[in-house]
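Asks: Just so it is clear, I am handing over work-v9.csv, which has CSV, N, CA and C atoms.
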chain,number,residue,atom,x,y,z
A,1,MET,N,97.4,-90.8,48.7
A,1,MET,CA,98.5,-91.1,49.6
A,1,MET,C,99.1,-92.4,49.2
A,2,SER,N,100.4,-92.4,49.5
A,2,SER,CA,101.1,-93.7,49.2
A,2,SER,C,101.0,-94.6,50.5
A,3,GLU,N,101.6,-95.7,50.4
A,3,GLU,CA,101.6,-96.7,51.5
A,3,GLU,C,102.3,-96.2,52.7
A,4,ALA,N,103.4,-95.4,52.5
A,4,ALA,CA,104.2,-95.0,53.7
A,4,ALA,C,103.7,-93.7,54.3
A,5,GLY,N,102.5,-93.2,53.9
A,5,GLY,CA,101.9,-92.0,54.5
A,5,GLY,C,102.4,-90.7,53.9
A,6,ILE,N,103.1,-90.8,52.8
A,6,ILE,CA,103.6,-89.6,52.1
A,6,ILE,C,102.6,-89.2,51.1
A,7,PHE,N,102.2,-87.9,51.1
A,7,PHE,CA,101.3,-87.4,50.1
A,7,PHE,C,101.9,-87.4,48.7
A,8,VAL,N,101.3,-88.0,47.8
A,8,VAL,CA,101.8,-87.9,46.4
A,8,VAL,C,100.6,-87.3,45.6
A,9,PRO,N,100.9,-86.0,45.1
A,9,PRO,CA,99.8,-85.4,44.4
A,9,PRO,C,99.4,-86.1,43.1
A,10,SER,N,98.2,-86.0,42.8
A,10,SER,CA,97.8,-86.7,41.5
A,10,SER,C,98.0,-85.7,40.4
A,11,SER,N,98.0,-86.2,39.2
A,11,SER,CA,98.2,-85.4,38.0
A,11,SER,C,97.2,-84.2,38.0
A,12,LEU,N,96.0,-84.5,38.4
A,12,LEU,CA,94.9,-83.5,38.4
A,12,LEU,C,95.2,-82.4,39.3
A,13,SER,N,95.7,-82.7,40.5
A,13,SER,CA,96.0,-81.6,41.5
A,13,SER,C,97.2,-80.8,41.1
A,14,LEU,N,98.2,-81.4,40.4
A,14,LEU,CA,99.3,-80.7,39.9
A,14,LEU,C,98.9,-79.8,38.8
A,15,LEU,N,98.0,-80.2,37.9
A,15,LEU,CA,97.5,-79.4,36.8
A,15,LEU,C,96.7,-78.3,37.4
A,16,ALA,N,95.9,-78.5,38.4
A,16,ALA,CA,95.1,-77.4,39.0
A,16,ALA,C,96.0,-76.4,39.6
A,17,ALA,N,97.0,-76.8,40.4
A,17,ALA,CA,97.9,-75.9,41.0
A,17,ALA,C,98.7,-75.1,40.0
A,18,SER,N,99.1,-75.7,38.9
A,18,SER,CA,99.8,-75.0,37.8
A,18,SER,C,98.9,-73.9,37.2
A,19,ALA,N,97.6,-74.3,37.0
A,19,ALA,CA,96.7,-73.4,36.4
A,19,ALA,C,96.5,-72.2,37.3
A,20,VAL,N,96.3,-72.4,38.6
A,20,VAL,CA,96.1,-71.3,39.5
A,20,VAL,C,97.3,-70.3,39.5
A,21,ILE,N,98.5,-70.9,39.5
A,21,ILE,CA,99.8,-70.1,39.5
A,21,ILE,C,99.8,-69.3,38.2
A,22,GLN,N,99.5,-69.9,37.1
A,22,GLN,CA,99.5,-69.1,35.8
A,22,GLN,C,98.4,-68.0,35.8
A,23,LEU,N,97.3,-68.3,36.4
A,23,LEU,CA,96.2,-67.2,36.5
A,23,LEU,C,96.7,-66.1,37.4
A,24,VAL,N,97.4,-66.4,38.5
A,24,VAL,CA,97.9,-65.3,39.3
A,24,VAL,C,98.9,-64.5,38.6
A,25,LEU,N,99.8,-65.2,37.9
A,25,LEU,CA,100.9,-64.4,37.2
A,25,LEU,C,100.2,-63.6,36.1
A,26,ILE,N,99.3,-64.1,35.4
A,26,ILE,CA,98.6,-63.3,34.3
A,26,ILE,C,97.9,-62.1,34.9
A,27,ALA,N,97.2,-62.3,36.0
A,27,ALA,CA,96.6,-61.2,36.7
A,27,ALA,C,97.6,-60.1,37.1
A,28,ALA,N,98.7,-60.5,37.6
A,28,ALA,CA,99.8,-59.6,38.0
A,28,ALA,C,100.3,-58.8,36.8
A,29,LEU,N,100.5,-59.5,35.7
A,29,LEU,CA,101.0,-58.9,34.5
A,29,LEU,C,100.0,-57.8,34.0
A,30,ILE,N,98.7,-58.2,34.0
A,30,ILE,CA,97.7,-57.3,33.5
A,30,ILE,C,97.6,-56.0,34.4
A,31,ALA,N,97.7,-56.2,35.7
A,31,ALA,CA,97.7,-55.1,36.7
A,31,ALA,C,98.9,-54.2,36.4
A,32,GLN,N,100.1,-54.8,36.2
A,32,GLN,CA,101.3,-54.0,35.9
A,32,GLN,C,101.1,-53.2,34.6
A,33,TRP,N,100.6,-53.9,33.6
A,33,TRP,CA,100.3,-53.2,32.3
A,33,TRP,C,99.4,-52.1,32.4
A,34,ARG,N,98.3,-52.2,33.2
A,34,ARG,CA,97.3,-51.2,33.4
A,34,ARG,C,98.0,-50.0,34.1
A,35,ARG,N,98.8,-50.3,35.1
A,35,ARG,CA,99.5,-49.2,35.9
A,35,ARG,C,100.4,-48.4,35.0
A,36,GLY,N,101.1,-49.1,34.2
A,36,GLY,CA,102.0,-48.5,33.2
A,36,GLY,C,101.3,-47.6,32.2
A,37,ARG,N,100.2,-48.1,31.7
A,37,ARG,CA,99.3,-47.4,30.8
A,37,ARG,C,98.8,-46.1,31.4
A,38,ARG,N,98.3,-46.2,32.7
A,38,ARG,CA,97.8,-45.0,33.4
A,38,ARG,C,98.9,-44.0,33.5
A,39,ILE,N,100.1,-44.4,33.9
A,39,ILE,CA,101.3,-43.5,34.0
A,39,ILE,C,101.6,-42.8,32.7
A,40,LEU,N,101.6,-43.6,31.6
A,40,LEU,CA,101.8,-43.0,30.3
A,40,LEU,C,100.8,-42.0,29.9
A,41,GLU,N,99.5,-42.3,30.2
A,41,GLU,CA,98.4,-41.3,29.9
A,41,GLU,C,98.6,-40.0,30.7
A,42,LEU,N,99.0,-40.2,32.0
A,42,LEU,CA,99.3,-39.0,32.8
A,42,LEU,C,100.4,-38.2,32.3
A,43,LEU,N,101.5,-38.8,31.9
A,43,LEU,CA,102.6,-38.1,31.3
A,43,LEU,C,102.3,-37.4,30.0
A,44,ALA,N,101.5,-38.1,29.2
A,44,ALA,CA,101.0,-37.4,28.0
A,44,ALA,C,100.2,-36.2,28.2
A,45,GLN,N,99.3,-36.3,29.2
A,45,GLN,CA,98.5,-35.1,29.6
A,45,GLN,C,99.4,-34.0,30.1
A,46,GLN,N,100.4,-34.3,30.9
A,46,GLN,CA,101.3,-33.3,31.5
A,46,GLN,C,102.1,-32.7,30.3
A,47,ARG,N,102.5,-33.5,29.4
A,47,ARG,CA,103.3,-33.0,28.3
A,47,ARG,C,102.5,-32.0,27.5
A,48,THR,N,101.3,-32.4,27.2
A,48,THR,CA,100.4,-31.5,26.4
A,48,THR,C,100.3,-30.1,27.2
A,49,GLY,N,100.0,-30.2,28.5
A,49,GLY,CA,99.8,-29.0,29.2
A,49,GLY,C,101.1,-28.2,29.3
A,50,LEU,N,102.2,-28.9,29.4
A,50,LEU,CA,103.5,-28.2,29.5
A,50,LEU,C,103.8,-27.5,28.1
A,51,GLU,N,103.5,-28.2,27.1
A,51,GLU,CA,103.8,-27.6,25.7
A,51,GLU,C,102.9,-26.3,25.5
A,52,GLU,N,101.7,-26.4,26.0
A,52,GLU,CA,100.8,-25.2,25.8
A,52,GLU,C,101.4,-24.0,26.7
A,53,ARG,N,101.7,-24.3,27.9
A,53,ARG,CA,102.3,-23.3,28.8
A,53,ARG,C,103.6,-22.8,28.3
A,54,THR,N,104.5,-23.7,27.8
A,54,THR,CA,105.8,-23.2,27.3
A,54,THR,C,105.6,-22.4,26.1
A,55,GLY,N,104.7,-22.7,25.2
A,55,GLY,CA,104.4,-21.9,24.0
A,55,GLY,C,104.0,-20.5,24.4
A,56,ALA,N,103.1,-20.4,25.4
A,56,ALA,CA,102.7,-19.1,25.8
A,56,ALA,C,103.8,-18.3,26.4
A,57,LEU,N,104.7,-19.0,27.2
A,57,LEU,CA,105.8,-18.3,27.8
A,57,LEU,C,106.8,-17.9,26.8
A,58,VAL,N,107.1,-18.7,25.8
A,58,VAL,CA,108.0,-18.3,24.7
A,58,VAL,C,107.5,-17.1,24.0
A,59,HIS,N,106.2,-17.0,23.7
A,59,HIS,CA,105.6,-15.9,23.1
A,59,HIS,C,105.8,-14.6,24.0
A,60,ASP,N,105.5,-14.8,25.3
A,60,ASP,CA,105.7,-13.7,26.2
A,60,ASP,C,107.1,-13.2,26.3
A,61,LEU,N,108.1,-14.2,26.2
A,61,LEU,CA,109.5,-13.8,26.3
A,61,LEU,C,109.9,-13.1,25.0
A,62,ASN,N,109.4,-13.5,23.9
A,62,ASN,CA,109.8,-12.9,22.7
A,62,ASN,C,109.5,-11.4,22.6
A,63,GLN,N,108.4,-11.0,23.3
A,63,GLN,CA,108.0,-9.5,23.3
A,63,GLN,C,109.1,-8.6,24.0
A,64,PRO,N,109.5,-8.9,25.2
A,64,PRO,CA,110.5,-8.0,25.8
A,64,PRO,C,111.9,-8.1,25.0
A,65,LEU,N,112.2,-9.3,24.5
A,65,LEU,CA,113.5,-9.4,23.8
A,65,LEU,C,113.4,-8.6,22.5
A,66,THR,N,112.3,-8.6,21.8
A,66,THR,CA,112.2,-7.7,20.6
A,66,THR,C,112.3,-6.3,21.0
A,67,ALA,N,111.6,-5.9,22.1
A,67,ALA,CA,111.7,-4.5,22.5
A,67,ALA,C,113.1,-4.1,22.9
A,68,ILE,N,113.8,-5.0,23.6
A,68,ILE,CA,115.2,-4.7,23.9
A,68,ILE,C,116.1,-4.5,22.7
A,69,LEU,N,115.9,-5.3,21.7
A,69,LEU,CA,116.7,-5.2,20.4
A,69,LEU,C,116.3,-3.9,19.7
A,70,SER,N,115.0,-3.6,19.7
A,70,SER,CA,114.6,-2.3,19.0
A,70,SER,C,115.1,-1.1,19.7
A,71,ASN,N,115.1,-1.1,21.0
A,71,ASN,CA,115.6,0.1,21.8
A,71,ASN,C,117.1,0.2,21.7
A,72,ALA,N,117.8,-0.9,21.7
A,72,ALA,CA,119.2,-0.9,21.5
A,72,ALA,C,119.6,-0.3,20.2
A,73,GLN,N,118.9,-0.8,19.1
A,73,GLN,CA,119.2,-0.2,17.8
A,73,GLN,C,118.9,1.3,17.7
A,74,ALA,N,117.8,1.7,18.4
A,74,ALA,CA,117.5,3.1,18.4
A,74,ALA,C,118.6,3.9,19.1
A,75,ALA,N,119.1,3.4,20.2
A,75,ALA,CA,120.1,4.1,20.9
A,75,ALA,C,121.4,4.2,20.1
A,76,LEU,N,121.7,3.1,19.3
A,76,LEU,CA,122.9,3.2,18.4
A,76,LEU,C,122.7,4.3,17.4
A,77,ARG,N,121.5,4.4,16.8
A,77,ARG,CA,121.2,5.4,15.8
A,77,ARG,C,121.4,6.8,16.4
A,78,PHE,N,120.9,7.0,17.7
A,78,PHE,CA,121.0,8.3,18.3
A,78,PHE,C,122.5,8.6,18.5
A,79,LEU,N,123.3,7.6,18.9
A,79,LEU,CA,124.7,7.9,19.1
A,79,LEU,C,125.4,8.2,17.8
A,80,ALA,N,125.0,7.6,16.7
A,80,ALA,CA,125.6,7.8,15.4
A,80,ALA,C,125.2,9.1,14.8
A,81,SER,N,124.2,9.8,15.4
A,81,SER,CA,123.7,11.0,14.8
A,81,SER,C,124.6,12.2,15.1
A,82,GLY,N,125.6,12.1,16.0
A,82,GLY,CA,126.5,13.1,16.2
A,82,GLY,C,126.1,14.0,17.4
A,83,GLN,N,124.9,14.4,17.6
A,83,GLN,CA,124.4,15.2,18.7
A,83,GLN,C,123.3,14.4,19.4
A,84,PRO,N,123.7,13.4,20.1
A,84,PRO,CA,122.6,12.6,20.8
A,84,PRO,C,121.9,13.3,21.9
A,85,ASP,N,120.6,13.1,22.0
A,85,ASP,CA,119.8,13.7,23.1
A,85,ASP,C,120.0,12.8,24.3
A,86,VAL,N,120.7,13.3,25.3
A,86,VAL,CA,121.0,12.5,26.5
A,86,VAL,C,119.7,12.0,27.2
A,87,GLN,N,118.7,12.9,27.3
A,87,GLN,CA,117.5,12.5,28.0
A,87,GLN,C,116.8,11.4,27.2
A,88,GLU,N,116.8,11.5,25.9
A,88,GLU,CA,116.2,10.4,25.0
A,88,GLU,C,116.9,9.1,25.2
A,89,LEU,N,118.3,9.2,25.2
A,89,LEU,CA,119.1,8.0,25.5
A,89,LEU,C,118.8,7.4,26.8
A,90,ARG,N,118.6,8.2,27.8
A,90,ARG,CA,118.3,7.7,29.2
A,90,ARG,C,117.0,7.0,29.2
A,91,GLU,N,116.0,7.5,28.5
A,91,GLU,CA,114.7,6.9,28.4
A,91,GLU,C,114.8,5.5,27.7
A,92,ILE,N,115.6,5.5,26.6
A,92,ILE,CA,115.8,4.2,25.9
A,92,ILE,C,116.4,3.2,26.8
A,93,LEU,N,117.4,3.6,27.5
A,93,LEU,CA,118.1,2.7,28.4
A,93,LEU,C,117.2,2.2,29.5
A,94,ASP,N,116.4,3.1,30.0
A,94,ASP,CA,115.4,2.7,31.1
A,94,ASP,C,114.4,1.7,30.5
A,95,ASP,N,114.0,1.9,29.3
A,95,ASP,CA,113.1,0.9,28.6
A,95,ASP,C,113.8,-0.5,28.5
A,96,ILE,N,115.1,-0.4,28.1
A,96,ILE,CA,115.9,-1.7,28.0
A,96,ILE,C,116.0,-2.4,29.3
A,97,VAL,N,116.3,-1.7,30.4
A,97,VAL,CA,116.3,-2.3,31.7
A,97,VAL,C,115.0,-2.9,32.1
A,98,ARG,N,113.9,-2.1,31.9
A,98,ARG,CA,112.6,-2.6,32.2
A,98,ARG,C,112.2,-3.9,31.5
A,99,ASP,N,112.5,-3.9,30.2
A,99,ASP,CA,112.2,-5.1,29.4
A,99,ASP,C,113.1,-6.3,29.7
A,100,ASP,N,114.4,-6.0,30.1
A,100,ASP,CA,115.3,-7.1,30.5
A,100,ASP,C,114.7,-7.7,31.8
A,101,LYS,N,114.2,-6.9,32.7
A,101,LYS,CA,113.7,-7.5,34.0
A,101,LYS,C,112.4,-8.3,33.7
A,102,ARG,N,111.6,-7.8,32.8
A,102,ARG,CA,110.5,-8.6,32.4
A,102,ARG,C,110.8,-10.0,31.8
A,103,ALA,N,111.8,-10.0,30.9
A,103,ALA,CA,112.3,-11.2,30.3
A,103,ALA,C,112.9,-12.1,31.4
A,104,ALA,N,113.6,-11.6,32.3
A,104,ALA,CA,114.2,-12.4,33.4
A,104,ALA,C,113.1,-13.0,34.2
A,105,GLY,N,112.0,-12.3,34.5
A,105,GLY,CA,110.9,-12.8,35.2
A,105,GLY,C,110.3,-14.0,34.5
A,106,ILE,N,110.2,-13.9,33.2
A,106,ILE,CA,109.6,-15.0,32.4
A,106,ILE,C,110.5,-16.2,32.5
A,107,VAL,N,111.8,-16.0,32.4
A,107,VAL,CA,112.7,-17.1,32.5
A,107,VAL,C,112.6,-17.8,33.8
A,108,ARG,N,112.5,-17.0,34.9
A,108,ARG,CA,112.2,-17.6,36.2
A,108,ARG,C,111.0,-18.4,36.3
A,109,SER,N,109.9,-17.9,35.7
A,109,SER,CA,108.6,-18.6,35.6
A,109,SER,C,108.8,-19.9,34.9
A,110,LEU,N,109.6,-20.0,33.9
A,110,LEU,CA,109.8,-21.3,33.2
A,110,LEU,C,110.5,-22.2,34.1
A,111,GLY,N,111.5,-21.8,34.9
A,111,GLY,CA,112.1,-22.7,35.8
A,111,GLY,C,111.2,-23.2,36.9
A,112,GLU,N,110.4,-22.3,37.4
A,112,GLU,CA,109.4,-22.7,38.4
A,112,GLU,C,108.4,-23.7,37.9
A,113,LEU,N,108.0,-23.5,36.6
A,113,LEU,CA,107.0,-24.4,36.0
A,113,LEU,C,107.6,-25.7,35.8
A,114,GLN,N,108.9,-25.8,35.4
A,114,GLN,CA,109.6,-27.1,35.2
A,114,GLN,C,109.7,-27.8,36.5
A,115,THR,N,110.0,-27.1,37.6
A,115,THR,CA,110.0,-27.7,38.9
A,115,THR,C,108.7,-28.3,39.4
A,116,LYS,N,107.6,-27.5,39.2
A,116,LYS,CA,106.3,-27.9,39.5
A,116,LYS,C,105.9,-29.2,38.8
A,117,VAL,N,106.2,-29.2,37.5
A,117,VAL,CA,105.8,-30.3,36.6
A,117,VAL,C,106.6,-31.6,37.1
A,118,SER,N,107.9,-31.4,37.4
A,118,SER,CA,108.7,-32.5,37.8
A,118,SER,C,108.1,-33.1,39.1
A,119,VAL,N,107.8,-32.2,40.1
A,119,VAL,CA,107.3,-32.7,41.4
A,119,VAL,C,105.9,-33.4,41.1
A,120,ALA,N,105.1,-32.8,40.3
A,120,ALA,CA,103.7,-33.4,40.1
A,120,ALA,C,103.9,-34.7,39.4
A,121,ALA,N,104.8,-34.9,38.5
A,121,ALA,CA,105.0,-36.2,37.8
A,121,ALA,C,105.5,-37.2,38.8
A,122,HIS,N,106.4,-36.8,39.7
A,122,HIS,CA,106.9,-37.7,40.7
A,122,HIS,C,105.7,-38.1,41.7
A,123,ASP,N,104.9,-37.2,42.1
A,123,ASP,CA,103.8,-37.5,43.0
A,123,ASP,C,102.8,-38.4,42.3
A,124,ARG,N,102.5,-38.2,41.1
A,124,ARG,CA,101.5,-39.0,40.4
A,124,ARG,C,102.0,-40.4,40.2
A,125,MET,N,103.3,-40.6,39.9
A,125,MET,CA,103.9,-41.9,39.8
A,125,MET,C,103.8,-42.6,41.1
A,126,ARG,N,104.1,-41.9,42.2
A,126,ARG,CA,104.0,-42.6,43.5
A,126,ARG,C,102.6,-42.9,43.9
A,127,GLU,N,101.6,-42.1,43.5
A,127,GLU,CA,100.2,-42.4,43.7
A,127,GLU,C,99.8,-43.7,43.0
A,128,HIS,N,100.4,-44.0,41.9
A,128,HIS,CA,100.0,-45.2,41.1
A,128,HIS,C,100.9,-46.3,41.4
A,129,GLY,N,101.6,-46.3,42.5
A,129,GLY,CA,102.4,-47.4,43.0
A,129,GLY,C,103.8,-47.6,42.4
A,130,ASP,N,104.3,-46.6,41.7
A,130,ASP,CA,105.6,-46.8,41.1
A,130,ASP,C,106.5,-45.8,41.9
A,131,ASN,N,107.6,-46.3,42.3
A,131,ASN,CA,108.6,-45.5,43.0
A,131,ASN,C,109.8,-45.3,42.1
A,132,PRO,N,109.9,-44.0,41.6
A,132,PRO,CA,111.0,-43.7,40.7
A,132,PRO,C,112.4,-43.9,41.3
Take the structure in the file and give it back as structure tokens.
Replies:
Amino acid sequence: MSEAGIFVPSSLSLLAASAVIQLVLIAALIAQWRRGRRILELLAQQRTGLEERTGALVHDLNQPLTAILSNAQAALRFLASGQPDVQELREILDDIVRDDKRAAGIVRSLGELQTKVSVAAHDRMREHGDNP
């Protein structure tokens, strides 16, 4: 203390206060870095899972699309033959309709999967203290 009753910190107390502030800041930076790292790990896991599921869905989608093309080409050959069998053409067109519906269902599944992954990512980020 000085003569007028005013507290004058010593160099040692200023140094100690500065060290404490620096330690608090370093601890906050480390906590933030760890949180960011956890979020990156979660996103990497999600991406891997999404890639696997998307690959399977692409494979599943390729099957009805190939069948649609094959049936459409067969229908064109029947029509080019001069005397097409109407019943056979009807069956081919029914197959095309069925395969188209199957492909549309797979595309819907992809959309639902994307929505679920987006919601899950948002929820996980909130769980770890980050508000997007």
Asks: Could you tell me how far atom CA of A:Gln114 lies from atom N of A:Ile96, in Å and to one decimal?
Replies: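 Atom N of A:Ile96 lies at a distance of 28.2 Å from atom CA of A:Gln114.
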Asks: I'd like the interatomic distance between atom C of A:Asp94 and atom N of A:Leu69, to a tenth of an Å.
Replies: 11.3 Å
Asks: Write out as a PDB file with N, CA and C atoms, keeping the file's coordinate frame each polymer residue whose atoms come within 9 Å of A:Leu57, counting only C-alpha atoms; drop sequence neighbours fewer than 5 positions from it.
Replies:
ATOM      1  N   GLU A  52     101.700 -26.400  26.000  1.00  0.00           N
ATOM      2  CA  GLU A  52     100.800 -25.200  25.800  1.00  0.00           C
ATOM      3  C   GLU A  52     101.400 -24.000  26.700  1.00  0.00           C
ATOM      4  N   ASN A  62     109.400 -13.500  23.900  1.00  0.00           N
ATOM      5  CA  ASN A  62     109.800 -12.900  22.700  1.00  0.00           C
ATOM      6  C   ASN A  62     109.500 -11.400  22.600  1.00  0.00           C
ATOM      7  N   ILE A 106     110.200 -13.900  33.200  1.00  0.00           N
ATOM      8  CA  ILE A 106     109.600 -15.000  32.400  1.00  0.00           C
ATOM      9  C   ILE A 106     110.500 -16.200  32.500  1.00  0.00           C
ATOM     10  N   VAL A 107     111.800 -16.000  32.400  1.00  0.00           N
ATOM     11  CA  VAL A 107     112.700 -17.100  32.500  1.00  0.00           C
ATOM     12  C   VAL A 107     112.600 -17.800  33.800  1.00  0.00           C
ATOM     13  N   SER A 109     109.900 -17.900  35.700  1.00  0.00           N
ATOM     14  CA  SER A 109     108.600 -18.600  35.600  1.00  0.00           C
ATOM     15  C   SER A 109     108.800 -19.900  34.900  1.00  0.00           C
ATOM     16  N   LEU A 110     109.600 -20.000  33.900  1.00  0.00           N
ATOM     17  CA  LEU A 110     109.800 -21.300  33.200  1.00  0.00           C
ATOM     18  C   LEU A 110     110.500 -22.200  34.100  1.00  0.00           C
TER      19      LEU A 110
END
Asks: Env of stretch 74-77 of chain A: 8 Å cut, atoms = only N, CA and C atoms, seq-sep filter 3 positions within chain, self excluded. Answer as a PDB file with N, CA and C atoms, in the frame of the given file.
Replies:
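After the write, out.pdb holds the following:
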ATOM      1  N   ILE A  68     113.800  -5.000  23.600  1.00  0.00           N
ATOM      2  CA  ILE A  68     115.200  -4.700  23.900  1.00  0.00           C
ATOM      3  C   ILE A  68     116.100  -4.500  22.700  1.00  0.00           C
ATOM      4  N   LEU A  69     115.900  -5.300  21.700  1.00  0.00           N
ATOM      5  CA  LEU A  69     116.700  -5.200  20.400  1.00  0.00           C
ATOM      6  C   LEU A  69     116.300  -3.900  19.700  1.00  0.00           C
ATOM      7  N   SER A  70     115.000  -3.600  19.700  1.00  0.00           N
ATOM      8  CA  SER A  70     114.600  -2.300  19.000  1.00  0.00           C
ATOM      9  C   SER A  70     115.100  -1.100  19.700  1.00  0.00           C
ATOM     10  N   ASN A  71     115.100  -1.100  21.000  1.00  0.00           N
ATOM     11  CA  ASN A  71     115.600   0.100  21.800  1.00  0.00           C
ATOM     12  C   ASN A  71     117.100   0.200  21.700  1.00  0.00           C
ATOM     13  N   ALA A  80     125.000   7.600  16.700  1.00  0.00           N
ATOM     14  CA  ALA A  80     125.600   7.800  15.400  1.00  0.00           C
ATOM     15  C   ALA A  80     125.200   9.100  14.800  1.00  0.00           C
ATOM     16  N   SER A  81     124.200   9.800  15.400  1.00  0.00           N
ATOM     17  CA  SER A  81     123.700  11.000  14.800  1.00  0.00           C
ATOM     18  C   SER A  81     124.600  12.200  15.100  1.00  0.00           C
ATOM     19  N   GLY A  82     125.600  12.100  16.000  1.00  0.00           N
ATOM     20  CA  GLY A  82     126.500  13.100  16.200  1.00  0.00           C
ATOM     21  C   GLY A  82     126.100  14.000  17.400  1.00  0.00           C
ATOM     22  N   PRO A  84     123.700  13.400  20.100  1.00  0.00           N
ATOM     23  CA  PRO A  84     122.600  12.600  20.800  1.00  0.00           C
ATOM     24  C   PRO A  84     121.900  13.300  21.900  1.00  0.00           C
ATOM     25  N   GLU A  88     116.800  11.500  25.900  1.00  0.00           N
ATOM     26  CA  GLU A  88     116.200  10.400  25.000  1.00  0.00           C
ATOM     27  C   GLU A  88     116.900   9.100  25.200  1.00  0.00           C
ATOM     28  N   LEU A  89     118.300   9.200  25.200  1.00  0.00           N
ATOM     29  CA  LEU A  89     119.100   8.000  25.500  1.00  0.00           C
ATOM     30  C   LEU A  89     118.800   7.400  26.800  1.00  0.00           C
ATOM     31  N   ILE A  92     115.600   5.500  26.600  1.00  0.00           N
ATOM     32  CA  ILE A  92     115.800   4.200  25.900  1.00  0.00           C
ATOM     33  C   ILE A  92     116.400   3.200  26.800  1.00  0.00           C
ATOM     34  N   LEU A  93     117.400   3.600  27.500  1.00  0.00           N
ATOM     35  CA  LEU A  93     118.100   2.700  28.400  1.00  0.00           C
ATOM     36  C   LEU A  93     117.200   2.200  29.500  1.00  0.00           C
TER      37      LEU A  93
END
Asks: Given only C-alpha atoms as the basis, pick out the residue of A:Arg102, A:Ser118, A:Arg126, A:Arg35 nearest to A:Ala67.
Replies: A:Arg102
Asks: Taking the chain letters and numbering used in this document, name the residues of chain A that DSSP puts in alpha helix (DSSP H), as a ChimeraX atom specification.
Replies: /A:11-80,86-127
Asks: Could you check how far atom CA of A:Thr66 sits from atom C of A:Gly49, in Å to one decimal?
Replies: 24.9 Å
Asks: Point out the residue among A:Gln63, A:Gln46, A:Ala103, A:Asp85 with the least atom-to-atom distance to A:Val119, counting only C-alpha atoms.
Replies: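 Selected residue with least distance to A:Val119: A:Gln46.
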